[in-house]
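Peer 1: Sharing structure04.cif, mmCIF, C-alpha atoms:
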```
data_protein
loop_
_atom_site.label_atom_id
_atom_site.label_comp_id
_atom_site.auth_asym_id
_atom_site.auth_seq_id
_atom_site.Cartn_x
_atom_site.Cartn_y
_atom_site.Cartn_z
CA SER Z 1354 16.65 13.00 19.64
CA GLN Z 1355 16.65 9.23 19.64
CA GLN Z 1356 15.72 7.49 22.82
CA GLY Z 1357 18.05 4.59 22.54
CA GLU Z 1358 20.35 2.26 20.81
CA GLU Z 1359 19.73 -1.08 19.23
CA ASP Z 1360 22.19 -3.83 18.66
CA PRO Z 1361 23.31 -5.39 16.58
CA GLN Z 1362 23.04 -2.80 13.82
CA ALA Z 1363 22.91 -5.63 11.32
CA LEU Z 1364 22.26 -9.32 11.66
CA SER Z 1365 22.52 -12.04 9.05
CA ILE Z 1366 21.19 -15.52 9.76
CA GLN Z 1367 19.95 -18.55 7.92
CA GLU Z 1368 16.34 -19.55 7.63
CA GLY Z 1369 15.21 -21.54 10.61
CA GLU Z 1370 17.58 -19.89 13.05
CA ASN Z 1371 16.46 -17.55 15.79
CA ALA Z 1372 17.17 -13.83 15.65
CA THR Z 1373 17.64 -11.69 18.75
CA MET Z 1374 17.76 -7.92 18.76
CA ASN Z 1375 18.34 -5.70 21.73
CA CYS Z 1376 17.17 -2.22 22.52
CA SER Z 1377 18.35 0.09 25.26
CA TYR Z 1378 16.68 3.32 26.23
CA LYS Z 1379 17.47 6.25 28.47
CA THR Z 1380 14.44 7.43 30.41
CA SER Z 1381 11.46 5.91 32.19
CA ILE Z 1382 8.80 4.69 29.81
CA ASN Z 1383 5.08 3.96 29.70
CA ASN Z 1384 5.50 1.24 27.14
CA LEU Z 1385 7.91 -0.03 24.51
CA GLN Z 1386 6.88 -1.07 21.05
CA TRP Z 1387 8.59 -2.98 18.28
CA TYR Z 1388 8.08 -2.18 14.61
CA ARG Z 1389 9.16 -3.74 11.39
CA GLN Z 1390 10.05 -1.83 8.21
CA ASN Z 1391 10.56 -3.38 4.84
CA SER Z 1392 12.96 -1.46 2.63
CA GLY Z 1393 11.47 1.81 1.47
CA ARG Z 1394 8.17 1.19 3.16
CA GLY Z 1395 6.24 2.32 6.20
CA LEU Z 1396 6.33 0.73 9.61
CA VAL Z 1397 4.26 -2.19 10.78
CA HIS Z 1398 3.48 -2.54 14.48
CA LEU Z 1399 4.61 -5.90 15.85
CA ILE Z 1400 4.12 -5.91 19.58
CA LEU Z 1401 3.73 -3.61 22.58
CA ILE Z 1402 4.94 -4.30 26.09
CA ARG Z 1403 3.91 -2.13 29.01
CA SER Z 1404 6.31 -0.95 31.66
CA ASN Z 1405 4.80 -3.31 34.24
CA GLU Z 1406 5.19 -6.34 32.00
CA ARG Z 1407 8.34 -8.44 31.70
CA GLU Z 1408 7.61 -10.71 28.79
CA LYS Z 1409 5.14 -10.96 25.98
CA HIS Z 1410 4.58 -13.38 23.12
CA SER Z 1411 2.92 -13.06 19.75
CA GLY Z 1412 3.29 -15.94 17.34
CA ARG Z 1413 7.00 -16.37 16.62
CA LEU Z 1414 7.83 -13.15 18.47
CA ARG Z 1415 8.95 -12.93 22.06
CA VAL Z 1416 9.65 -9.60 23.71
CA THR Z 1417 11.22 -9.05 27.09
CA LEU Z 1418 11.50 -5.85 29.06
CA ASP Z 1419 13.88 -5.10 31.91
CA THR Z 1420 13.07 -1.67 33.28
CA SER Z 1421 15.90 -1.82 35.82
CA LYS Z 1422 18.38 -2.09 32.97
CA LYS Z 1423 16.29 0.04 30.61
CA SER Z 1424 16.49 -2.60 27.94
CA SER Z 1425 14.30 -4.81 25.81
CA SER Z 1426 14.89 -7.68 23.46
CA LEU Z 1427 12.99 -9.04 20.50
CA LEU Z 1428 13.37 -12.69 19.63
CA ILE Z 1429 12.12 -14.04 16.32
CA THR Z 1430 12.07 -17.82 16.37
CA ALA Z 1431 12.37 -20.08 13.34
CA SER Z 1432 13.13 -17.17 11.06
CA ARG Z 1433 12.00 -17.07 7.46
CA ALA Z 1434 13.35 -15.23 4.44
CA ALA Z 1435 10.24 -13.05 4.62
CA ASP Z 1436 11.40 -11.77 8.01
CA THR Z 1437 14.15 -9.83 6.24
CA ALA Z 1438 13.55 -6.20 7.23
CA SER Z 1439 14.66 -3.52 9.64
CA TYR Z 1440 13.34 -3.72 13.16
CA PHE Z 1441 12.94 -0.72 15.43
CA CYS Z 1442 12.06 -0.36 19.06
CA ALA Z 1443 10.14 2.74 20.07
CA THR Z 1444 9.30 4.12 23.46
CA LEU Z 1445 6.41 6.13 24.75
CA THR Z 1446 7.28 8.29 27.73
CA GLY Z 1447 5.45 10.46 30.23
CA THR Z 1448 2.41 12.33 29.07
CA ALA Z 1449 3.80 12.83 25.60
CA SER Z 1450 2.04 10.88 22.91
CA LYS Z 1451 5.00 10.76 20.59
CA LEU Z 1452 7.11 7.70 19.94
CA THR Z 1453 10.87 7.89 20.05
CA PHE Z 1454 12.65 5.34 17.92
CA GLY Z 1455 15.83 3.40 18.44
CA THR Z 1456 18.55 3.14 15.84
CA GLY Z 1457 17.22 -0.09 14.34
CA THR Z 1458 18.54 -3.53 13.45
CA ARG Z 1459 18.73 -4.67 9.84
CA LEU Z 1460 17.93 -8.36 9.70
CA GLN Z 1461 18.84 -10.46 6.69
CA VAL Z 1462 17.51 -14.02 6.57
CA THR Z 1463 19.01 -16.18 3.87
CA LEU Z 1464 17.77 -19.46 2.48
CA GLY G 103 -7.51 -2.64 11.43
CA ALA G 104 -6.60 1.01 11.27
CA VAL G 105 -5.24 2.22 7.95
CA VAL G 106 -3.26 5.33 7.14
CA SER G 107 -2.88 6.30 3.52
CA GLN G 108 0.07 8.46 2.52
CA HIS G 109 0.34 10.05 -0.87
CA PRO G 110 2.34 10.34 -3.03
CA SER G 111 4.62 7.35 -2.48
CA TRP G 112 7.39 9.07 -4.35
CA VAL G 113 7.96 12.47 -5.90
CA ILE G 114 10.73 14.18 -7.80
CA CYS G 115 10.77 17.95 -7.84
CA LYS G 116 13.02 20.75 -8.95
CA SER G 117 15.02 22.80 -6.52
CA GLY G 118 13.04 25.80 -5.31
CA THR G 119 9.61 24.29 -5.76
CA SER G 120 7.23 23.14 -3.05
CA VAL G 121 5.89 19.66 -2.50
CA LYS G 122 2.82 18.59 -0.56
CA ILE G 123 2.49 15.21 1.08
CA GLU G 124 -0.87 13.97 2.35
CA CYS G 125 -1.59 11.64 5.21
CA ARG G 126 -5.13 10.30 5.67
CA SER G 127 -6.63 8.08 8.30
CA LEU G 128 -9.09 5.96 6.35
CA ASP G 129 -11.25 4.26 8.93
CA PHE G 130 -10.71 6.23 12.11
CA GLN G 131 -10.45 9.78 13.27
CA ALA G 132 -7.02 11.04 14.23
CA THR G 133 -6.80 14.18 16.32
CA THR G 134 -3.05 13.76 16.39
CA MET G 135 -0.73 12.80 13.57
CA PHE G 136 3.04 12.69 13.45
CA TRP G 137 5.54 13.42 10.73
CA TYR G 138 8.90 11.68 10.61
CA ARG G 139 11.93 11.94 8.40
CA GLN G 140 14.23 9.03 7.67
CA PHE G 141 17.61 9.07 5.98
CA PRO G 142 18.91 5.91 4.29
CA LYS G 143 19.71 3.12 6.72
CA GLN G 144 18.89 5.36 9.66
CA SER G 145 16.12 5.60 12.18
CA LEU G 146 13.02 7.73 12.12
CA MET G 147 13.39 11.23 13.45
CA LEU G 148 10.24 12.97 14.61
CA MET G 149 9.78 16.29 12.86
CA ALA G 150 6.49 17.50 14.26
CA THR G 151 3.24 16.60 15.92
CA SER G 152 0.19 17.66 13.96
CA ASN G 153 -2.91 18.56 15.98
CA GLU G 154 -6.33 18.86 14.39
CA GLY G 155 -7.54 22.44 14.46
CA SER G 156 -4.42 23.91 15.99
CA LYS G 157 -0.81 24.64 15.19
CA ALA G 158 1.67 21.85 14.84
CA THR G 159 4.34 21.29 17.46
CA TYR G 160 7.77 21.12 15.90
CA GLU G 161 10.78 19.30 17.29
CA GLN G 162 13.91 21.22 18.05
CA GLY G 163 15.89 22.04 14.95
CA VAL G 164 13.01 21.60 12.50
CA GLU G 165 12.21 24.74 10.53
CA LYS G 166 8.48 25.32 10.74
CA ASP G 167 8.52 27.79 7.87
CA LYS G 168 10.13 25.20 5.65
CA PHE G 169 8.00 22.24 6.67
CA LEU G 170 4.43 23.50 6.78
CA ILE G 171 1.93 21.25 8.46
CA ASN G 172 -1.81 21.56 8.19
CA HIS G 173 -4.29 19.34 10.02
CA ALA G 174 -7.59 20.79 8.96
CA SER G 175 -9.75 17.74 9.56
CA LEU G 176 -9.83 14.66 11.74
CA THR G 177 -8.69 12.48 8.88
CA LEU G 178 -6.15 14.56 6.98
CA SER G 179 -2.79 16.08 7.72
CA THR G 180 -0.52 17.55 5.09
CA LEU G 181 3.19 18.31 5.08
CA THR G 182 4.43 20.87 2.59
CA VAL G 183 8.14 21.11 1.95
CA THR G 184 8.60 24.68 0.77
CA SER G 185 11.38 25.86 -1.51
CA ALA G 186 12.82 22.38 -1.55
CA HIS G 187 16.54 21.83 -1.92
CA PRO G 188 18.55 18.65 -2.54
CA GLU G 189 19.31 18.33 1.16
CA ASP G 190 15.56 17.94 1.77
CA SER G 191 15.63 14.71 -0.20
CA SER G 192 14.58 12.03 2.21
CA PHE G 193 11.91 9.51 3.14
CA TYR G 194 9.00 11.11 4.97
CA ILE G 195 6.56 9.00 6.98
CA CYS G 196 3.40 9.97 8.80
CA SER G 197 1.61 8.17 11.56
CA ALA G 198 -1.64 8.56 13.42
CA ARG G 199 -2.81 7.47 16.84
CA ASP G 200 -5.60 4.96 16.49
CA GLY G 201 -6.28 4.36 20.14
CA GLN G 202 -4.69 4.86 23.50
CA PHE G 203 -1.39 3.27 22.53
CA GLY G 204 -1.84 2.32 18.93
CA TYR G 205 0.03 4.03 16.14
CA THR G 206 -0.50 3.31 12.49
CA PHE G 207 2.03 4.41 9.91
CA GLY G 208 1.65 5.47 6.33
CA SER G 209 3.73 3.77 3.66
CA GLY G 210 6.03 6.75 3.32
CA THR G 211 6.96 9.25 0.63
CA ARG G 212 10.35 9.30 -1.01
CA LEU G 213 11.19 12.87 -1.97
CA THR G 214 14.00 13.56 -4.40
CA VAL G 215 14.90 17.15 -5.10
CA VAL G 216 16.97 17.70 -8.23
#
```
Can the structure in the file be given as structure tokens, please?
Peer 2:
Amino acid sequence: SQQGEEDPQALSIQEGENATMNCSYKTSINNLQWYRQNSGRGLVHLILIRSNEREKHSGRLRVTLDTSKKSSSLLITASRAADTASYFCATLTGTASKLTFGTGTRLQVTL
Amino acid sequence: GAVVSQHPSWVICKSGTSVKIECRSLDFQATTMFWYRQFPKQSLMLMATSNEGSKATYEQGVEKDKFLINHASLTLSTLTVTSAHPEDSSFYICSARDGQFGYTFGSGTRLTVV
């Protein structure tokens, strides 16, 4: 079963704007990861944040984690048309090595 | 970086036939690989965890006799969809652990059963 929900389900913005996606999950986690998927393709790992971290940056990406609210957000700054894709959060819990994915956000960046 | 090769990228088969999908870790050894299924505009649903040299662990609701998984070496896991039917049409993606927390995904296989 899926660990959590993401919102919005779909997001359409113009190039240069920032895009924010949110992920909520249900159980305690070891870490939370964000992935990107271009249409009909595999997943690309973007960033990982551990349960004892609150914020992490990587280039134009900023991820926050609030374990008290069981939520995370992914911010993409200065978006580009090439950022158009689906974005998924995934959690790693307990001793299990399997990732559980959220429902995903489809991002459309227009020129 | 770690690379996982998945083959074929797409396949069309007739109802009742079987299809094999391969997942290879190219530059690292993967004792554990994962198989996911994804319906259009939906998330990835874990089907099974493939363990090198032992039986796969299937998620609840996944028919192990229908989705045969073999992980005979540290670099190769295969998923065979047996007696495929149109409802098995989907996008199948594998992934492999490439470190303590790292997961690398294949590019996926689109299966269409006609």
Peer 1: Evaluate the PyMOL selection byres ((chain Z) within 6 of (chain G)) against this structure - the residues, as a list in words, please.
Peer 2: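 Going through the file, the PyMOL selection byres ((chain Z) within 6 of (chain G)) ends up selecting Arg1394, Gly1395, Leu1396 and Thr1456 of chain Z.
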Peer 1: For Asn1384 in chain Z, please output as a PyMOL selection string all residues within 8 Å (counting only C-alpha atoms; exclusion window: fewer than 2 positions along the same chain).
Peer 2: chain Z and resi 1382+1386+1401-1404+1444-1446
Peer 1: With distances taken over all atoms listed in the file, which of Z:Leu1364, Z:Cys1376, Z:Arg1415, Z:Glu1370 is nearest to Phe1454 in chain Z?
Peer 2: Z:Cys1376
Peer 1: Select, from Z:Asn1405, Z:Thr1373, Z:Thr1437, Z:Gln1390, the residue with the minimum atom-to-atom distance to Leu1460 in chain Z, counting only C-alpha atoms.
Peer 2: Z:Thr1437
Peer 1: Using only C-alpha atoms, list the residues that have an atom at most 9 Å from (16.2, 5.9, 31.3), coordinates as in the file, as a list in words.
Peer 2: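 Every polymer residue passing the test: Gln1356, Ser1377, Tyr1378, Lys1379, Thr1380, Ser1381, Ile1382, Thr1420, Ser1421, Lys1422 and Lys1423 of chain Z.
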Peer 1: For those residues, write C-alpha atoms to a file as an mmCIF file, in the frame of the given file.
Peer 2:
```cif
data_model
loop_
_atom_site.group_PDB
_atom_site.id
_atom_site.type_symbol
_atom_site.label_atom_id
_atom_site.label_comp_id
_atom_site.auth_asym_id
_atom_site.auth_seq_id
_atom_site.Cartn_x
_atom_site.Cartn_y
_atom_site.Cartn_z
ATOM 1 C CA GLN Z 1356 15.720 7.490 22.820
ATOM 2 C CA SER Z 1377 18.350 0.090 25.260
ATOM 3 C CA TYR Z 1378 16.680 3.320 26.230
ATOM 4 C CA LYS Z 1379 17.470 6.250 28.470
ATOM 5 C CA THR Z 1380 14.440 7.430 30.410
ATOM 6 C CA SER Z 1381 11.460 5.910 32.190
ATOM 7 C CA ILE Z 1382 8.800 4.690 29.810
ATOM 8 C CA THR Z 1420 13.070 -1.670 33.280
ATOM 9 C CA SER Z 1421 15.900 -1.820 35.820
ATOM 10 C CA LYS Z 1422 18.380 -2.090 32.970
ATOM 11 C CA LYS Z 1423 16.290 0.040 30.610
#
```
Peer 1: Expressed in Å to a single decimal, how great is the separation between CA of Arg1389 in chain Z and CA of Met1374 in chain Z?
Peer 2: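 Value for the CA of Arg1389 in chain Z-CA of Met1374 in chain Z distance: 12.1 Å.
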Peer 1: When the PyMOL selection byres ((chain Z and resi 1458) around 9) is applied to the structure above, which residues does it catch, written out as a list in words?
Peer 2: Glu1359, Asp1360, Pro1361, Gln1362, Ala1363, Leu1364, Met1374, Asn1375, Ala1438, Ser1439, Tyr1440, Phe1441, Gly1455, Thr1456, Gly1457, Arg1459 and Leu1460 of chain Z
Peer 1: Going by the chain IDs and residue numbers used in this file, which residues fall under the PyMOL selection byres ((chain Z and resi 1409) around 12)? Write them as a PDB file with C-alpha atoms, in the coordinates of the input.
Peer 2:
```pdb
ATOM      1  CA  LEU Z1385       7.910  -0.030  24.510  1.00  0.00           C
ATOM      2  CA  GLN Z1386       6.880  -1.070  21.050  1.00  0.00           C
ATOM      3  CA  TRP Z1387       8.590  -2.980  18.280  1.00  0.00           C
ATOM      4  CA  LEU Z1399       4.610  -5.900  15.850  1.00  0.00           C
ATOM      5  CA  ILE Z1400       4.120  -5.910  19.580  1.00  0.00           C
ATOM      6  CA  LEU Z1401       3.730  -3.610  22.580  1.00  0.00           C
ATOM      7  CA  ILE Z1402       4.940  -4.300  26.090  1.00  0.00           C
ATOM      8  CA  ARG Z1403       3.910  -2.130  29.010  1.00  0.00           C
ATOM      9  CA  SER Z1404       6.310  -0.950  31.660  1.00  0.00           C
ATOM     10  CA  ASN Z1405       4.800  -3.310  34.240  1.00  0.00           C
ATOM     11  CA  GLU Z1406       5.190  -6.340  32.000  1.00  0.00           C
ATOM     12  CA  ARG Z1407       8.340  -8.440  31.700  1.00  0.00           C
ATOM     13  CA  GLU Z1408       7.610 -10.710  28.790  1.00  0.00           C
ATOM     14  CA  HIS Z1410       4.580 -13.380  23.120  1.00  0.00           C
ATOM     15  CA  SER Z1411       2.920 -13.060  19.750  1.00  0.00           C
ATOM     16  CA  GLY Z1412       3.290 -15.940  17.340  1.00  0.00           C
ATOM     17  CA  ARG Z1413       7.000 -16.370  16.620  1.00  0.00           C
ATOM     18  CA  LEU Z1414       7.830 -13.150  18.470  1.00  0.00           C
ATOM     19  CA  ARG Z1415       8.950 -12.930  22.060  1.00  0.00           C
ATOM     20  CA  VAL Z1416       9.650  -9.600  23.710  1.00  0.00           C
ATOM     21  CA  THR Z1417      11.220  -9.050  27.090  1.00  0.00           C
ATOM     22  CA  LEU Z1418      11.500  -5.850  29.060  1.00  0.00           C
ATOM     23  CA  SER Z1425      14.300  -4.810  25.810  1.00  0.00           C
ATOM     24  CA  SER Z1426      14.890  -7.680  23.460  1.00  0.00           C
ATOM     25  CA  LEU Z1427      12.990  -9.040  20.500  1.00  0.00           C
ATOM     26  CA  LEU Z1428      13.370 -12.690  19.630  1.00  0.00           C
TER      27      LEU Z1428
END
```
Peer 1: Could the centre and edge lengths of an axis-aligned box, enclosing all atoms of range 114-122 of chain G in the file with 3 Å extra on each side, be given in Å to one decimal as AutoDock Vina command-line options?
Peer 2:
```
--center_x 8.9 --center_y 20.0 --center_z -4.8 --size_x 18.2 --size_y 17.6 --size_z 14.4
```
Peer 1: Please return as a ChimeraX atom specification every residue within 10 Å of (14.7, 23.1, 2.3), taking into account all atoms listed in the file and the file's own coordinates.
Peer 2: /G:117-120,165,167-169,183-191,215
Peer 1: Quick one: pull the distance between CA of Asp129 in chain G and CA of Val105 in chain G, Å, one decimal.
Peer 2: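 Straight-line distance from CA of Asp129 in chain G to CA of Val105 in chain G works out to 6.4 Å.
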Peer 1: Please compute the CA of Ser156 in chain G-CA of His173 in chain G distance, one decimal, in Å.
Peer 2: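 Interatomic distance here is 7.5 Å.
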Peer 1: Taking all atoms listed in the file into account, name the residue in Z:Asp1436, Z:Thr1430, Z:Glu1368, Z:His1398 that is nearest to Ala104 in chain G.
Peer 2: Z:His1398
Peer 1: Select, from G:Cys125, G:Val164, G:Ala174, G:Cys115, the residue with the minimum atom-to-atom distance to Arg139 in chain G, counting all atoms listed in the file.
Peer 2: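 Counting all atoms listed in the file, the residue closest to Arg139 in chain G is G:Val164.
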Peer 1: For Lys122 in chain G, which of G:Ser192, G:Thr214, G:Asn153, G:Thr180 is the closest residue, counting all atoms listed in the file?
Peer 2: G:Thr180
Peer 1: Between Z:Val1462, Z:Val1397, Z:Ala1443, Z:Ile1429, which is the closest to Asn1383 in chain Z once you count all atoms listed in the file?
Peer 2: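 Among Z:Val1462, Z:Val1397, Z:Ala1443, Z:Ile1429, it is Z:Ala1443 that comes nearest to Asn1383 in chain Z.
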Peer 1: Restore N, CA, C and O atoms in range 115-127 of chain G and list the result as a PDB file, in the coordinates of the input.
Peer 2:
```pdb
ATOM      1  N   CYS G 115      11.087  16.545  -7.558  1.00  0.00           N
ATOM      2  CA  CYS G 115      10.770  17.950  -7.840  1.00  0.00           C
ATOM      3  C   CYS G 115      12.046  18.730  -8.080  1.00  0.00           C
ATOM      4  O   CYS G 115      13.137  18.292  -7.717  1.00  0.00           O
ATOM      5  N   LYS G 116      11.873  19.876  -8.686  1.00  0.00           N
ATOM      6  CA  LYS G 116      13.020  20.750  -8.950  1.00  0.00           C
ATOM      7  C   LYS G 116      13.327  21.601  -7.743  1.00  0.00           C
ATOM      8  O   LYS G 116      12.427  21.966  -6.964  1.00  0.00           O
ATOM      9  N   SER G 117      14.572  21.937  -7.604  1.00  0.00           N
ATOM     10  CA  SER G 117      15.020  22.800  -6.520  1.00  0.00           C
ATOM     11  C   SER G 117      14.234  24.112  -6.553  1.00  0.00           C
ATOM     12  O   SER G 117      14.038  24.694  -7.610  1.00  0.00           O
ATOM     13  N   GLY G 118      13.765  24.543  -5.412  1.00  0.00           N
ATOM     14  CA  GLY G 118      13.040  25.800  -5.310  1.00  0.00           C
ATOM     15  C   GLY G 118      11.537  25.658  -5.343  1.00  0.00           C
ATOM     16  O   GLY G 118      10.809  26.595  -5.000  1.00  0.00           O
ATOM     17  N   THR G 119      11.063  24.505  -5.727  1.00  0.00           N
ATOM     18  CA  THR G 119       9.610  24.290  -5.760  1.00  0.00           C
ATOM     19  C   THR G 119       9.132  23.711  -4.443  1.00  0.00           C
ATOM     20  O   THR G 119       9.930  23.307  -3.591  1.00  0.00           O
ATOM     21  N   SER G 120       7.819  23.679  -4.272  1.00  0.00           N
ATOM     22  CA  SER G 120       7.230  23.140  -3.050  1.00  0.00           C
ATOM     23  C   SER G 120       6.522  21.822  -3.335  1.00  0.00           C
ATOM     24  O   SER G 120       5.994  21.615  -4.433  1.00  0.00           O
ATOM     25  N   VAL G 121       6.501  20.971  -2.360  1.00  0.00           N
ATOM     26  CA  VAL G 121       5.890  19.660  -2.500  1.00  0.00           C
ATOM     27  C   VAL G 121       4.962  19.411  -1.321  1.00  0.00           C
ATOM     28  O   VAL G 121       5.344  19.649  -0.172  1.00  0.00           O
ATOM     29  N   LYS G 122       3.774  18.907  -1.622  1.00  0.00           N
ATOM     30  CA  LYS G 122       2.820  18.590  -0.560  1.00  0.00           C
ATOM     31  C   LYS G 122       2.643  17.093  -0.436  1.00  0.00           C
ATOM     32  O   LYS G 122       2.449  16.393  -1.437  1.00  0.00           O
ATOM     33  N   ILE G 123       2.702  16.623   0.792  1.00  0.00           N
ATOM     34  CA  ILE G 123       2.490  15.210   1.080  1.00  0.00           C
ATOM     35  C   ILE G 123       1.254  15.083   1.954  1.00  0.00           C
ATOM     36  O   ILE G 123       1.102  15.823   2.936  1.00  0.00           O
ATOM     37  N   GLU G 124       0.372  14.146   1.598  1.00  0.00           N
ATOM     38  CA  GLU G 124      -0.870  13.970   2.350  1.00  0.00           C
ATOM     39  C   GLU G 124      -0.854  12.703   3.180  1.00  0.00           C
ATOM     40  O   GLU G 124      -0.319  11.671   2.765  1.00  0.00           O
ATOM     41  N   CYS G 125      -1.484  12.786   4.315  1.00  0.00           N
ATOM     42  CA  CYS G 125      -1.590  11.640   5.210  1.00  0.00           C
ATOM     43  C   CYS G 125      -3.050  11.556   5.670  1.00  0.00           C
ATOM     44  O   CYS G 125      -3.553  12.496   6.291  1.00  0.00           O
ATOM     45  N   ARG G 126      -3.711  10.457   5.341  1.00  0.00           N
ATOM     46  CA  ARG G 126      -5.130  10.300   5.670  1.00  0.00           C
ATOM     47  C   ARG G 126      -5.370   9.063   6.525  1.00  0.00           C
ATOM     48  O   ARG G 126      -4.837   7.997   6.231  1.00  0.00           O
ATOM     49  N   SER G 127      -6.171   9.245   7.551  1.00  0.00           N
ATOM     50  CA  SER G 127      -6.630   8.080   8.300  1.00  0.00           C
ATOM     51  C   SER G 127      -7.934   7.645   7.638  1.00  0.00           C
ATOM     52  O   SER G 127      -8.867   8.425   7.492  1.00  0.00           O
TER      53      SER G 127
END
```
